[in-house]
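> Pasting model.txt here (compact mmCIF, C-alpha atoms and all ligand atoms):
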# COMPACT_ATOMS: atom_id res chain seq x y z
CA MET A 863 -25.40 18.26 5.16
CA THR A 864 -22.56 20.71 4.49
CA ALA A 865 -19.14 19.57 3.27
CA PHE A 866 -17.79 20.26 6.77
CA HIS A 867 -20.38 17.97 8.38
CA LYS A 868 -19.75 15.24 5.80
CA GLN A 869 -16.03 15.34 6.67
CA LEU A 870 -16.82 15.19 10.39
CA VAL A 871 -19.05 12.11 9.96
CA TYR A 872 -16.31 10.53 7.80
CA ARG A 873 -13.65 11.03 10.50
CA MET A 874 -15.90 9.76 13.31
CA ARG A 875 -16.85 6.64 11.35
CA GLN A 876 -13.17 5.95 10.59
CA ALA A 877 -12.20 6.22 14.25
CA LEU A 878 -14.99 3.85 15.33
CA MET A 879 -14.41 1.24 12.62
CA GLY A 880 -10.64 1.39 13.12
CA LYS A 881 -11.11 0.25 16.72
CA LEU A 882 -13.35 -2.65 15.64
CA ILE A 883 -11.18 -3.97 12.83
CA SER A 884 -7.59 -3.37 14.01
CA ARG A 885 -6.91 -6.59 15.84
CA PRO A 886 -4.68 -9.59 15.04
CA GLN A 887 -6.22 -11.89 12.43
CA PRO A 888 -5.58 -15.59 11.77
CA LYS A 889 -3.33 -16.46 8.83
CA ALA A 890 -3.32 -19.42 6.45
CA MET A 891 -0.48 -21.95 6.54
CA ILE A 892 1.45 -21.15 3.32
CA PHE A 893 3.08 -23.60 0.88
CA LEU A 894 5.34 -21.63 -1.46
CA GLY A 895 7.08 -22.36 -4.76
CA ARG A 896 6.95 -24.77 -7.68
CA GLY A 897 5.01 -27.90 -6.80
CA SER A 898 3.45 -26.34 -3.70
CA SER A 899 -0.08 -27.00 -5.04
CA ALA A 900 0.71 -30.75 -4.91
CA GLN A 901 2.07 -30.35 -1.36
CA LEU A 902 -1.17 -28.66 -0.31
CA SER A 903 -3.19 -31.47 -1.92
CA GLU A 904 -1.17 -34.00 0.11
CA ALA A 905 -1.78 -31.96 3.24
CA ILE A 906 -5.55 -32.10 2.65
CA GLY A 907 -5.27 -35.92 2.72
CA ARG A 908 -3.13 -35.80 5.87
CA PHE A 909 -5.78 -33.67 7.60
CA GLY A 910 -7.96 -36.80 7.27
CA LEU A 911 -10.30 -35.25 4.70
CA ARG A 912 -11.77 -37.61 2.14
CA HIS A 913 -13.89 -35.66 -0.34
CA THR A 914 -13.25 -32.06 -1.34
CA LEU A 915 -15.38 -29.71 -3.44
CA VAL A 916 -12.99 -28.03 -5.89
CA VAL A 917 -14.39 -24.58 -6.70
CA THR A 918 -13.14 -23.05 -9.97
CA ASP A 919 -14.21 -21.48 -13.26
CA LYS A 920 -14.80 -23.26 -16.56
CA PRO A 921 -12.20 -21.45 -18.72
CA LEU A 922 -9.50 -22.36 -16.22
CA ARG A 923 -10.64 -25.98 -16.07
CA ASP A 924 -10.70 -26.17 -19.89
CA LEU A 925 -7.11 -24.87 -20.05
CA GLY A 926 -6.01 -27.94 -18.08
CA VAL A 927 -4.38 -25.84 -15.33
CA LEU A 928 -6.34 -27.81 -12.73
CA ASP A 929 -5.21 -31.27 -13.91
CA SER A 930 -2.03 -31.58 -11.82
CA THR A 931 -3.91 -30.64 -8.65
CA LEU A 932 -6.67 -33.17 -9.35
CA ALA A 933 -3.97 -35.83 -9.87
CA ALA A 934 -2.26 -34.84 -6.61
CA LEU A 935 -5.59 -35.12 -4.73
CA ASP A 936 -6.00 -38.63 -6.21
CA THR A 937 -2.53 -39.59 -4.99
CA ALA A 938 -3.40 -38.25 -1.54
CA GLY A 939 -6.52 -40.45 -1.46
CA VAL A 940 -8.89 -37.47 -1.55
CA GLN A 941 -11.99 -37.86 -3.72
CA LYS A 942 -13.00 -34.66 -5.53
CA THR A 943 -16.09 -33.08 -7.04
CA VAL A 944 -15.35 -30.16 -9.36
CA TYR A 945 -17.76 -27.23 -9.28
CA ASP A 946 -16.73 -24.99 -12.21
CA GLY A 947 -19.69 -22.60 -12.13
CA VAL A 948 -17.75 -19.53 -10.90
CA GLU A 949 -17.91 -16.41 -13.08
CA PRO A 950 -15.92 -13.17 -12.70
CA ASP A 951 -17.35 -11.16 -9.78
CA PRO A 952 -19.40 -14.15 -8.51
CA THR A 953 -23.03 -13.62 -7.55
CA GLU A 954 -25.00 -15.06 -4.64
CA GLN A 955 -26.54 -17.51 -7.15
CA VAL A 956 -23.07 -18.89 -8.00
CA VAL A 957 -22.38 -19.45 -4.31
CA ASP A 958 -25.78 -21.04 -3.64
CA ALA A 959 -25.32 -23.52 -6.51
CA GLY A 960 -21.91 -24.43 -5.00
CA ILE A 961 -23.49 -25.03 -1.58
CA ASP A 962 -26.06 -27.36 -3.18
CA ARG A 963 -23.27 -29.20 -5.01
CA TYR A 964 -21.32 -29.68 -1.76
CA HIS A 965 -24.33 -31.31 -0.09
CA SER A 966 -25.40 -33.47 -3.04
CA ALA A 967 -21.86 -34.85 -3.50
CA GLY A 968 -21.35 -35.48 0.24
CA CYS A 969 -18.15 -33.42 0.53
CA ASP A 970 -16.24 -32.72 3.76
CA SER A 971 -14.07 -29.77 2.65
CA VAL A 972 -13.68 -27.01 0.04
CA LEU A 973 -10.65 -26.23 -2.13
CA ALA A 974 -10.67 -22.92 -4.05
CA PHE A 975 -8.70 -23.08 -7.31
CA GLY A 976 -8.50 -19.89 -9.39
CA GLY A 977 -8.42 -16.12 -9.16
CA GLY A 978 -10.12 -13.92 -6.61
CA SER A 979 -13.54 -14.79 -8.03
CA SER A 980 -13.13 -18.54 -7.35
CA ILE A 981 -11.54 -17.96 -3.94
CA ASP A 982 -14.28 -15.55 -2.83
CA ALA A 983 -17.07 -17.87 -4.02
CA ALA A 984 -15.40 -20.85 -2.28
CA LYS A 985 -14.98 -18.89 0.96
CA VAL A 986 -18.70 -18.22 1.15
CA ILE A 987 -19.62 -21.77 0.08
CA ALA A 988 -17.51 -23.13 2.99
CA LEU A 989 -19.06 -20.66 5.44
CA GLY A 990 -22.63 -21.14 4.19
CA VAL A 991 -22.37 -24.95 4.39
CA ALA A 992 -21.14 -24.80 8.00
CA ASN A 993 -23.90 -22.41 9.03
CA ASN A 994 -26.66 -24.05 6.98
CA CYS A 995 -27.45 -20.84 5.14
CA LYS A 996 -27.28 -19.36 1.65
CA ALA A 997 -24.96 -16.57 0.45
CA ALA A 998 -27.43 -13.86 1.42
CA GLY A 999 -27.26 -15.04 5.04
CA CYS A 1000 -23.47 -14.60 5.10
CA ILE A 1001 -23.20 -11.09 3.64
CA GLY A 1002 -22.22 -8.48 6.21
CA ALA A 1003 -19.75 -8.40 9.10
CA THR A 1004 -19.45 -11.63 11.17
CA ARG A 1005 -23.05 -12.69 10.53
CA CYS A 1006 -22.36 -16.42 10.94
CA LYS A 1007 -21.78 -18.16 14.28
CA LEU A 1008 -19.87 -21.28 13.19
CA PRO A 1009 -16.44 -21.52 11.52
CA SER A 1010 -16.27 -22.66 7.88
CA VAL A 1011 -15.93 -26.33 6.96
CA PRO A 1012 -12.22 -27.10 6.23
CA PHE A 1013 -11.24 -24.66 3.51
CA PHE A 1014 -8.07 -24.40 1.38
CA ALA A 1015 -7.01 -22.11 -1.48
CA ILE A 1016 -4.76 -22.25 -4.53
CA PRO A 1017 -4.64 -18.82 -6.23
CA THR A 1018 -3.92 -18.87 -9.97
CA THR A 1019 -3.72 -15.09 -10.41
CA ALA A 1020 -1.39 -12.79 -8.49
CA GLY A 1021 -3.48 -9.82 -7.48
CA THR A 1022 -6.38 -10.06 -5.05
CA GLY A 1023 -4.49 -11.74 -2.19
CA SER A 1024 -7.89 -13.19 -1.27
CA GLU A 1025 -6.10 -16.24 0.23
CA GLY A 1026 -4.88 -13.88 2.98
CA THR A 1027 -7.97 -11.77 3.66
CA PHE A 1028 -11.09 -12.25 5.74
CA ILE A 1029 -13.16 -10.61 3.02
CA ALA A 1030 -15.17 -12.17 0.19
CA VAL A 1031 -16.79 -9.97 -2.44
CA ILE A 1032 -20.12 -11.35 -3.68
CA SER A 1033 -22.41 -9.53 -6.12
CA ASN A 1034 -26.18 -9.18 -5.97
CA ASN A 1035 -27.96 -11.42 -8.52
CA GLU A 1036 -30.00 -8.62 -10.10
CA THR A 1037 -28.16 -5.32 -9.54
CA HIS A 1038 -24.63 -6.76 -9.53
CA ALA A 1039 -23.83 -4.34 -6.67
CA LYS A 1040 -20.95 -5.79 -4.70
CA GLY A 1041 -21.58 -6.99 -1.15
CA ALA A 1042 -18.89 -8.13 1.28
CA VAL A 1043 -18.69 -11.06 3.66
CA ILE A 1044 -16.31 -9.97 6.42
CA ASP A 1045 -15.43 -12.76 8.83
CA PRO A 1046 -12.11 -14.06 10.25
CA ASN A 1047 -13.55 -17.58 9.83
CA ILE A 1048 -13.19 -17.43 6.04
CA ILE A 1049 -9.40 -17.28 5.98
CA PRO A 1050 -8.23 -20.61 4.52
CA LYS A 1051 -6.56 -23.19 6.77
CA ALA A 1052 -3.76 -23.46 4.19
CA ALA A 1053 -2.92 -22.00 0.78
CA ALA A 1054 -0.37 -22.75 -1.95
CA LEU A 1055 1.40 -20.02 -3.95
CA ASP A 1056 2.53 -22.07 -6.94
CA PRO A 1057 4.05 -20.09 -9.85
CA GLU A 1058 3.73 -23.11 -12.20
CA LEU A 1059 -0.02 -22.50 -12.38
CA MET A 1060 0.47 -18.98 -13.73
CA ARG A 1061 2.55 -19.84 -16.81
CA ASP A 1062 -0.45 -19.41 -19.12
CA LEU A 1063 -2.01 -16.42 -17.40
CA PRO A 1064 -2.34 -13.96 -20.34
CA PRO A 1065 -0.32 -10.68 -20.14
CA HIS A 1066 -3.40 -8.45 -19.87
CA ILE A 1067 -4.74 -10.40 -16.86
CA THR A 1068 -1.24 -10.55 -15.34
CA ALA A 1069 -1.05 -6.75 -15.71
CA ALA A 1070 -4.49 -5.94 -14.31
CA THR A 1071 -4.30 -8.37 -11.38
CA GLY A 1072 -0.74 -7.22 -10.59
CA MET A 1073 -1.98 -3.63 -10.40
CA ASP A 1074 -4.74 -4.77 -8.02
CA ALA A 1075 -1.97 -6.03 -5.72
CA LEU A 1076 -0.10 -2.71 -6.07
CA THR A 1077 -3.29 -0.80 -5.25
CA HIS A 1078 -3.74 -2.93 -2.10
CA ALA A 1079 -0.15 -2.25 -1.08
CA ILE A 1080 -0.35 1.52 -1.65
CA GLU A 1081 -3.86 2.17 -0.35
CA SER A 1082 -3.23 0.18 2.84
CA TYR A 1083 0.12 1.92 3.39
CA ILE A 1084 -1.12 5.49 2.95
CA GLY A 1085 -4.43 4.94 4.79
CA LYS A 1086 -5.06 5.77 8.45
CA TRP A 1087 -5.37 2.27 9.89
CA GLY A 1088 -1.95 0.89 9.03
CA ASN A 1089 0.27 -0.54 11.77
CA THR A 1090 3.84 -1.83 11.87
CA GLU A 1091 2.85 -5.21 10.49
CA THR A 1092 0.63 -3.95 7.64
CA ASP A 1093 3.25 -1.32 6.76
CA TYR A 1094 5.85 -4.07 6.45
CA TYR A 1095 3.64 -6.07 4.08
CA GLY A 1096 2.68 -2.99 2.07
CA LEU A 1097 6.28 -1.88 1.50
CA ALA A 1098 7.48 -5.40 0.71
CA ALA A 1099 4.66 -5.85 -1.81
CA CYS A 1100 5.41 -2.52 -3.55
CA ARG A 1101 9.05 -3.46 -4.01
CA LEU A 1102 8.24 -6.93 -5.34
CA ILE A 1103 5.70 -5.52 -7.81
CA PHE A 1104 7.82 -2.71 -9.24
CA ASP A 1105 10.69 -5.19 -9.65
CA ASN A 1106 8.73 -8.10 -11.13
CA LEU A 1107 5.42 -7.11 -12.76
CA PRO A 1108 6.92 -5.90 -16.07
CA GLU A 1109 8.86 -9.16 -16.46
CA ALA A 1110 5.85 -11.31 -15.48
CA CYS A 1111 3.85 -9.54 -18.23
CA ARG A 1112 6.64 -9.77 -20.83
CA ASN A 1113 7.65 -13.33 -20.11
CA GLY A 1114 4.95 -15.33 -18.37
CA THR A 1115 7.18 -18.39 -18.08
CA ASP A 1116 9.67 -16.56 -15.84
CA LEU A 1117 8.69 -18.47 -12.72
CA GLN A 1118 10.90 -16.35 -10.46
CA ALA A 1119 8.91 -13.24 -11.46
CA ARG A 1120 5.65 -15.20 -11.12
CA GLN A 1121 6.58 -16.40 -7.63
CA SER A 1122 7.54 -12.88 -6.53
CA MET A 1123 4.19 -11.58 -7.80
CA SER A 1124 2.34 -14.36 -5.90
CA LEU A 1125 4.09 -13.36 -2.72
CA ALA A 1126 3.40 -9.66 -3.35
CA SER A 1127 -0.27 -10.47 -3.88
CA TYR A 1128 -0.41 -12.42 -0.62
CA TYR A 1129 1.35 -9.60 1.27
CA GLY A 1130 -1.11 -7.11 -0.22
CA GLY A 1131 -3.96 -9.28 1.07
CA LEU A 1132 -2.45 -9.38 4.57
CA ALA A 1133 -2.02 -5.59 4.50
CA ILE A 1134 -5.63 -4.80 3.54
CA THR A 1135 -7.04 -7.26 6.06
CA ASN A 1136 -6.30 -4.76 8.83
CA ALA A 1137 -5.56 -1.52 6.99
CA LEU A 1138 -8.27 -1.77 4.32
CA VAL A 1139 -8.32 0.00 0.96
CA GLY A 1140 -9.36 3.49 -0.20
CA TYR A 1141 -11.16 5.53 -2.83
CA VAL A 1142 -9.45 3.75 -5.75
CA HIS A 1143 -11.27 0.58 -4.77
CA ALA A 1144 -14.49 2.47 -4.06
CA ILE A 1145 -14.55 3.75 -7.65
CA SER A 1146 -13.29 0.52 -9.23
CA HIS A 1147 -15.91 -1.63 -7.45
CA ASN A 1148 -18.63 0.56 -8.93
CA LEU A 1149 -17.14 0.43 -12.43
CA GLY A 1150 -17.18 -3.36 -12.02
CA ALA A 1151 -20.76 -3.46 -10.74
CA ARG A 1152 -22.18 -1.13 -13.42
CA TYR A 1153 -20.11 -2.01 -16.51
CA GLY A 1154 -18.30 -5.26 -15.69
CA VAL A 1155 -14.84 -3.61 -15.74
CA PRO A 1156 -12.44 -6.26 -14.32
CA HIS A 1157 -11.50 -5.38 -10.74
CA GLY A 1158 -7.75 -5.06 -11.31
CA LEU A 1159 -8.15 -3.06 -14.51
CA GLY A 1160 -10.48 -0.57 -12.82
CA ASN A 1161 -7.97 -0.09 -9.99
CA ALA A 1162 -5.07 0.24 -12.41
CA ILE A 1163 -6.79 3.03 -14.37
CA VAL A 1164 -7.97 4.96 -11.31
CA LEU A 1165 -4.83 4.58 -9.15
CA PRO A 1166 -2.53 7.27 -10.65
CA HIS A 1167 -5.40 9.77 -11.00
CA MET A 1168 -6.36 9.32 -7.35
CA LEU A 1169 -2.74 9.54 -6.20
CA GLU A 1170 -2.33 12.86 -8.06
CA LEU A 1171 -5.45 14.11 -6.25
CA ILE A 1172 -4.40 13.16 -2.71
CA LYS A 1173 -0.62 13.49 -3.03
CA THR A 1174 -0.31 16.42 -0.64
CA ALA A 1175 -2.20 14.67 2.16
CA ALA A 1176 -0.29 11.40 1.57
CA ALA A 1177 3.11 12.89 0.67
CA ASP A 1178 5.11 11.48 3.60
CA LYS A 1179 3.86 7.93 3.16
CA LEU A 1180 4.18 8.01 -0.64
CA ALA A 1181 7.73 9.27 -0.16
CA GLU A 1182 8.54 6.33 2.15
CA ILE A 1183 7.39 3.91 -0.54
CA ALA A 1184 9.53 5.73 -3.13
CA VAL A 1185 12.64 5.47 -0.94
CA HIS A 1186 11.94 1.80 -0.13
CA CYS A 1187 11.68 1.07 -3.86
CA ASP A 1188 14.97 2.86 -4.66
CA MET A 1189 13.34 5.72 -6.56
CA GLY A 1190 15.23 8.38 -4.60
CA THR A 1191 16.72 9.28 -1.23
CA ALA A 1192 15.09 10.86 1.81
CA SER A 1193 17.05 14.10 1.33
CA GLU A 1194 14.95 14.92 -1.75
CA GLY A 1195 11.92 15.79 0.40
CA SER A 1196 8.47 14.25 0.59
CA ASN A 1197 6.74 16.13 -2.22
CA ALA A 1198 9.41 15.39 -4.81
CA LEU A 1199 9.59 11.72 -3.78
CA ALA A 1200 5.80 11.35 -3.78
CA GLN A 1201 5.72 12.70 -7.35
CA LYS A 1202 8.49 10.26 -8.35
CA LEU A 1203 6.37 7.37 -7.10
CA ILE A 1204 3.27 8.60 -8.92
CA ASP A 1205 5.26 9.09 -12.13
CA ARG A 1206 6.53 5.51 -11.75
CA VAL A 1207 2.95 4.24 -11.44
CA TRP A 1208 2.00 6.06 -14.70
CA GLN A 1209 5.10 4.60 -16.36
CA LEU A 1210 4.40 1.07 -15.08
CA ASN A 1211 0.82 1.26 -16.38
CA ASP A 1212 2.10 2.36 -19.82
CA GLU A 1213 4.76 -0.35 -19.84
CA ILE A 1214 2.32 -3.19 -19.13
CA GLY A 1215 -0.41 -1.95 -21.47
CA ILE A 1216 -2.96 -0.47 -19.04
CA PRO A 1217 -4.98 2.24 -20.83
CA ARG A 1218 -5.12 5.72 -19.28
CA THR A 1219 -8.88 6.02 -19.89
CA THR A 1220 -11.91 3.83 -20.44
CA ASP A 1221 -14.81 4.32 -22.86
CA VAL A 1222 -17.41 2.47 -20.76
CA ILE A 1223 -18.51 5.37 -18.55
CA ARG A 1224 -21.76 6.97 -19.78
CA SER A 1225 -22.11 10.66 -18.92
CA GLU A 1226 -25.67 10.11 -17.66
CA ASP A 1227 -24.31 7.65 -15.05
CA ILE A 1228 -21.68 9.93 -13.53
CA GLU A 1229 -23.79 11.31 -10.67
CA LYS A 1230 -24.89 7.79 -9.67
CA LEU A 1231 -21.30 6.59 -9.78
CA VAL A 1232 -20.17 9.54 -7.63
CA ALA A 1233 -22.86 8.82 -5.03
CA ALA A 1234 -22.11 5.06 -4.91
CA ALA A 1235 -18.32 5.49 -4.82
CA LEU A 1236 -18.44 8.09 -2.05
CA ALA A 1237 -20.91 6.01 -0.01
CA GLU A 1238 -18.46 3.09 -0.18
CA GLY A 1239 -15.33 5.24 0.18
CA GLY A 1240 -16.72 6.70 3.39
CA ASN A 1241 -16.06 3.31 5.03
CA TYR A 1242 -12.35 3.33 4.16
CA PRO A 1243 -9.53 5.03 6.08
CA SER A 1244 -8.18 7.11 3.19
CA PRO A 1245 -5.58 9.82 3.83
CA ARG A 1246 -8.25 12.44 3.30
CA PHE A 1247 -11.93 12.97 2.54
CA ILE A 1248 -12.85 13.27 -1.16
CA SER A 1249 -15.63 15.65 -2.19
CA GLU A 1250 -18.31 14.99 -4.81
CA GLU A 1251 -16.65 17.47 -7.14
CA GLU A 1252 -13.27 15.73 -6.82
CA CYS A 1253 -14.77 12.27 -7.41
CA ARG A 1254 -16.63 13.60 -10.45
CA GLY A 1255 -13.31 15.04 -11.67
CA VAL A 1256 -11.59 11.63 -11.44
CA LEU A 1257 -14.44 9.93 -13.32
CA LYS A 1258 -14.31 12.55 -16.07
CA ALA A 1259 -10.52 12.30 -16.27
CA ILE A 1260 -10.65 8.52 -16.83
CA SER A 1261 -13.47 8.76 -19.41
CA ALA A 1262 -12.27 8.43 -22.97
N1 LIG B 1 -11.48 -11.18 -1.10
C1 LIG B 1 -10.64 -10.21 -1.30
O1 LIG B 1 -9.92 -9.84 -0.39
C2 LIG B 1 -10.58 -9.55 -2.64
C3 LIG B 1 -9.63 -8.55 -2.88
C4 LIG B 1 -9.59 -7.98 -4.15
C5 LIG B 1 -10.48 -8.42 -5.14
N2 LIG B 1 -11.40 -9.39 -4.86
C6 LIG B 1 -12.36 -9.89 -5.87
O2 LIG B 1 -11.67 -10.82 -6.71
C7 LIG B 1 -12.29 -10.83 -8.00
C8 LIG B 1 -11.26 -10.66 -9.09
O3 LIG B 1 -10.33 -11.72 -9.06
P1 LIG B 1 -9.14 -11.83 -10.14
O4 LIG B 1 -8.70 -10.47 -10.49
O5 LIG B 1 -8.15 -12.78 -9.60
O6 LIG B 1 -9.86 -12.40 -11.44
P2 LIG B 1 -10.84 -13.67 -11.69
O7 LIG B 1 -10.77 -14.66 -10.60
O8 LIG B 1 -12.20 -13.09 -11.99
O9 LIG B 1 -10.20 -14.31 -13.00
C9 LIG B 1 -10.12 -13.55 -14.20
C10 LIG B 1 -9.94 -14.48 -15.40
O10 LIG B 1 -8.64 -15.04 -15.34
C11 LIG B 1 -8.70 -16.43 -15.69
N3 LIG B 1 -7.57 -17.10 -15.03
C12 LIG B 1 -7.34 -17.19 -13.72
N4 LIG B 1 -6.18 -17.82 -13.49
C13 LIG B 1 -5.67 -18.16 -14.70
C14 LIG B 1 -4.49 -18.85 -15.11
N5 LIG B 1 -3.57 -19.28 -14.24
N6 LIG B 1 -4.28 -19.04 -16.43
C15 LIG B 1 -5.18 -18.57 -17.34
N7 LIG B 1 -6.32 -17.91 -17.01
C16 LIG B 1 -6.56 -17.71 -15.70
C17 LIG B 1 -10.05 -16.88 -15.17
O11 LIG B 1 -10.49 -18.02 -15.86
C18 LIG B 1 -10.92 -15.65 -15.45
O12 LIG B 1 -11.45 -15.72 -16.75
C19 LIG B 1 -13.32 -9.70 -8.00
O13 LIG B 1 -14.60 -10.25 -7.79
C20 LIG B 1 -12.90 -8.85 -6.83
O14 LIG B 1 -13.98 -8.11 -6.27
C21 LIG B 1 -11.43 -9.97 -3.63
FE FE B 2 -8.57 -5.21 -4.91
Would you write out, as structure tokens, the structure that this file holds?


Amino acid sequence: MTAFHKQLVYRMRQALMGKLISRPQPKAMIFLGRGSSAQLSEAIGRFGLRHTLVVTDKPLRDLGVLDSTLAALDTAGVQKTVYDGVEPDPTEQVVDAGIDRYHSAGCDSVLAFGGGSSIDAAKVIALGVANNCKAAGCIGATRCKLPSVPFFAIPTTAGTGSEGTFIAVISNNETHAKGAVIDPNIIPKAAALDPELMRDLPPHITAATGMDALTHAIESYIGKWGNTETDYYGLAACRLIFDNLPEACRNGTDLQARQSMSLASYYGGLAITNALVGYVHAISHNLGARYGVPHGLGNAIVLPHMLELIKTAAADKLAEIAVHCDMGTASEGSNALAQKLIDRVWQLNDEIGIPRTTDVIRSEDIEKLVAAALAEGGNYPSPRFISEEECRGVLKAISA
């Protein structure tokens, strides 16, 4: 196929998928602010639920971050079984073990407690239980007939916005290739954005996850499937992140900055639910699958390189973000404003300790990475098509 034909297929696929996905989606009821995780726990009791499976990871449980929520569930008269088997980028196996745990403990609901990995695993546990299937039976677009069992989420990182999306990313047991469960039924009934739980989130995770949220906000805003609502969330998230991420990294106990980042993360999730992501995510997902690069870190490293590459095609939208974030005024023209925004992204990365390159990429893998990233990126409504040569160029530019 020639480059022209590849572009044509890309545009046709975008138009078709845009029609399928651009429709109103359900949203979680949100509890916001200090103590909101206890309010959500009370609400679970008031829904009449009696035994929840708390899905989390072991390091988080060992830190004691979960203790106040477990105590609040006790107070609300809700029995709990903790499943702490989640690992970063959860596999189907992790989900299947959670489904078994739900059944053996006799639970009636699922509460996700943790970062995107715990929330995504919990989403698929709740869907799999309701549909009497394993993770593999859920992967794909709306594969399951029945809605999830009652499902709630308490994010403890501010980045993925998974509490607001109808997507769950689950990796293959052997290849670690990322698969997606896409289903409006996996949006939680309610979620709590509680900054108290993020006090001990280390600066490097705060930085990487915060840049994941910024990548959601920017990629959804400059992509082709945005609408008035997703544009609103994208712009609001950008502003909150530029204003608060440096402080959240410097001073993790600044709960105002933490709360603003939680909200930005949630807004980013709402934005990508309809407007999706772009080539930054396509590359980052493959760095995660092949080398275990954390999702947010991969996005953070790729984002400014990709923006430099597509800045002409995305100039007007990048300029709107720059103006919204007080980086200049409309009279300066789109190209100058777009460059100001990109320069600010480089500067933010430097300020919060994100490296400009990574040493994990092996030269013999580059062609496989290009093929996988472009196959995934072809599903996203990016401002423009990226060629193999351009994708190879980005991978070489980020290689140390
Ligand atoms: N569903 C979606 O819409 C969506 C969107 C983007 C990314 N994702 C997925 O989310 C996953 C990444 O999630 P993540 O970036 O939140 O990281 P994560 O959930 O993998 O957590 C990273 C680490 O942070 C630790 N941690 C979490 N909260 C903490 C806290 N408050 N204090 C101290 N340590 C804490 C965890 O123990 C873990 O070791 C990836 O699998 C990615 O593919 C999903
Ligand atoms: Fe992401």

> May I ask you to write as a PyMOL selection string all residues lying at most 7 Å from ligand FE 2 (chain B), with only C-alpha atoms and all ligand atoms counted?

chain A and resi 1022+1074-1075+1077-1078+1143+1157-1158

> From the set A:Glu1091, A:Asp970, A:Glu1238, A:Glu1194, which residue has the shortest atom-to-atom contact distance to Ile1145 (chain A), counting only C-alpha atoms?

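When distances to Ile1145 (chain A) are compared using only C-alpha atoms, the smallest one comes from A:Glu1238.
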
> Counting all atoms listed in the file, what are the residues, protein, DNA or RNA alike, that approach ligand LIG 1 (chain B) to within 6 Å? I want them as a list of chain:residue names.

A:Asp919, A:Pro921, A:Leu922, A:Pro950, A:Asp951, A:Gly976, A:Gly977, A:Gly978, A:Ser979, A:Ser980, A:Asp982, A:Thr1018, A:Thr1019, A:Gly1021, A:Thr1022, A:Ser1024, A:Thr1027, A:Ile1029, A:Ala1030, A:Val1031, A:Leu1059, A:Met1060, A:Asp1062, A:Leu1063, A:Thr1071, A:His1157, A:Gly1158

> What separation in Å, quoted to one decimal, exists between CA of Ser1122 (chain A) and CA of Ala983 (chain A)?

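Straight-line distance from CA of Ser1122 (chain A) to CA of Ala983 (chain A) works out to 25.2 Å.
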
> Nearest to Phe1247 (chain A) among A:Asp1212, A:Ile1172, A:Phe893, A:Leu1180, with distances taken over only C-alpha atoms: which residue is it?

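Answer, going by the shortest atom-to-atom distance: A:Ile1172.
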
> Kindly indicate which residue among A:Leu1149, A:Ile892, A:Leu1097, A:Leu1231 lies nearest to Glu1182 (chain A), using all atoms listed in the file for the distances.

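Between A:Leu1149, A:Ile892, A:Leu1097, A:Leu1231, the residue approaching Glu1182 (chain A) most closely is A:Leu1097.
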
> Pick the closest to Glu1025 (chain A) from A:Phe909, A:Tyr1242, A:Tyr1129, A:Tyr1094: which is it, counting all atoms listed in the file?

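Ranking A:Phe909, A:Tyr1242, A:Tyr1129, A:Tyr1094 by distance to Glu1025 (chain A), first place goes to A:Tyr1129.
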
> In Å, with one decimal, what is the gap from CA of Gly1072 (chain A) to CA of Leu1132 (chain A)?

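Straight-line distance from CA of Gly1072 (chain A) to CA of Leu1132 (chain A) works out to 15.4 Å.
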
> Sort by chain and increasing residue number a table of all residues of region 948-1046 of chain A within 8 Å of region 1150-1154 of chain A, each with its closest pair of atoms and their distance in Å to one decimal, counting all atoms listed in the file, and write it as a tab-separated table.


residue	atom	partner	partner_atom	distance
A:Ser1033	CA	A:Ala1151	CA	7.8
A:Thr1037	CA	A:Ala1151	CA	7.7
A:His1038	CA	A:Ala1151	CA	5.2
A:Ala1039	CA	A:Ala1151	CA	5.2
A:Lys1040	CA	A:Ala1151	CA	6.5

> Interatomic distance between CA of Ala974 (chain A) and CA of Thr918 (chain A)?

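So the two atoms, CA of Ala974 (chain A) and CA of Thr918 (chain A), lie 6.4 Å apart.
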
> Quick one: everything within 10 Å of Arg1061 (chain A), counting only C-alpha atoms, minus sequence neighbours fewer than 4 positions away in the same chain. Send it as a list in words.

Val927, Thr1018, Pro1057, Ala1110, Asn1113, Gly1114, Thr1115, Asp1116, Leu1117 and Arg1120 of chain A

> Determine, counting all atoms listed in the file, which protein, DNA and RNA residues have an atom within 10 Å of an atom of Thr1219 (chain A); residues of the same chain fewer than 5 positions away are not included. Present the result as a PyMOL selection string.

chain A and resi 1160+1163-1164+1257-1262

> Name the closest residue to Leu1159 (chain A) among the candidates A:Gly939, A:Gly1023, A:Pro1217, A:Gly1131; distances are taken between atoms, counting all atoms listed in the file.

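Of the candidates, the smallest distance to Leu1159 (chain A) is held by A:Pro1217.
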
> Between A:Ser898, A:Thr914, A:Asn1136, A:Asn1148, which has the minimum distance to Gly1026 (chain A) (counting only C-alpha atoms)?

A:Asn1136

> Within 9 Å of (-14.0, 3.7, 0.4) in the file's own coordinates, which protein, DNA or RNA residues have an atom, counting all atoms listed in the file? List them as a VMD selection string.

chain A and resid 1138 to 1145 1235 to 1244

> Using only C-alpha atoms, which protein or nucleic acid residues come within 9 Å of region 957-963 of chain A? Drop anything in the same chain fewer than 5 positions from it, and give the result as a PyMOL selection string.

chain A and resi 915+917+943+945-948+952+968-969+983-984+986-988+990-991+995-998+1032

> Using all atoms listed in the file, list the residues that have an atom at most 6 Å from (-2.0, 1.0, 5.9), coordinates as in the file, as a PyMOL selection string.

chain A and resi 1082-1085+1087-1088+1092-1093+1137
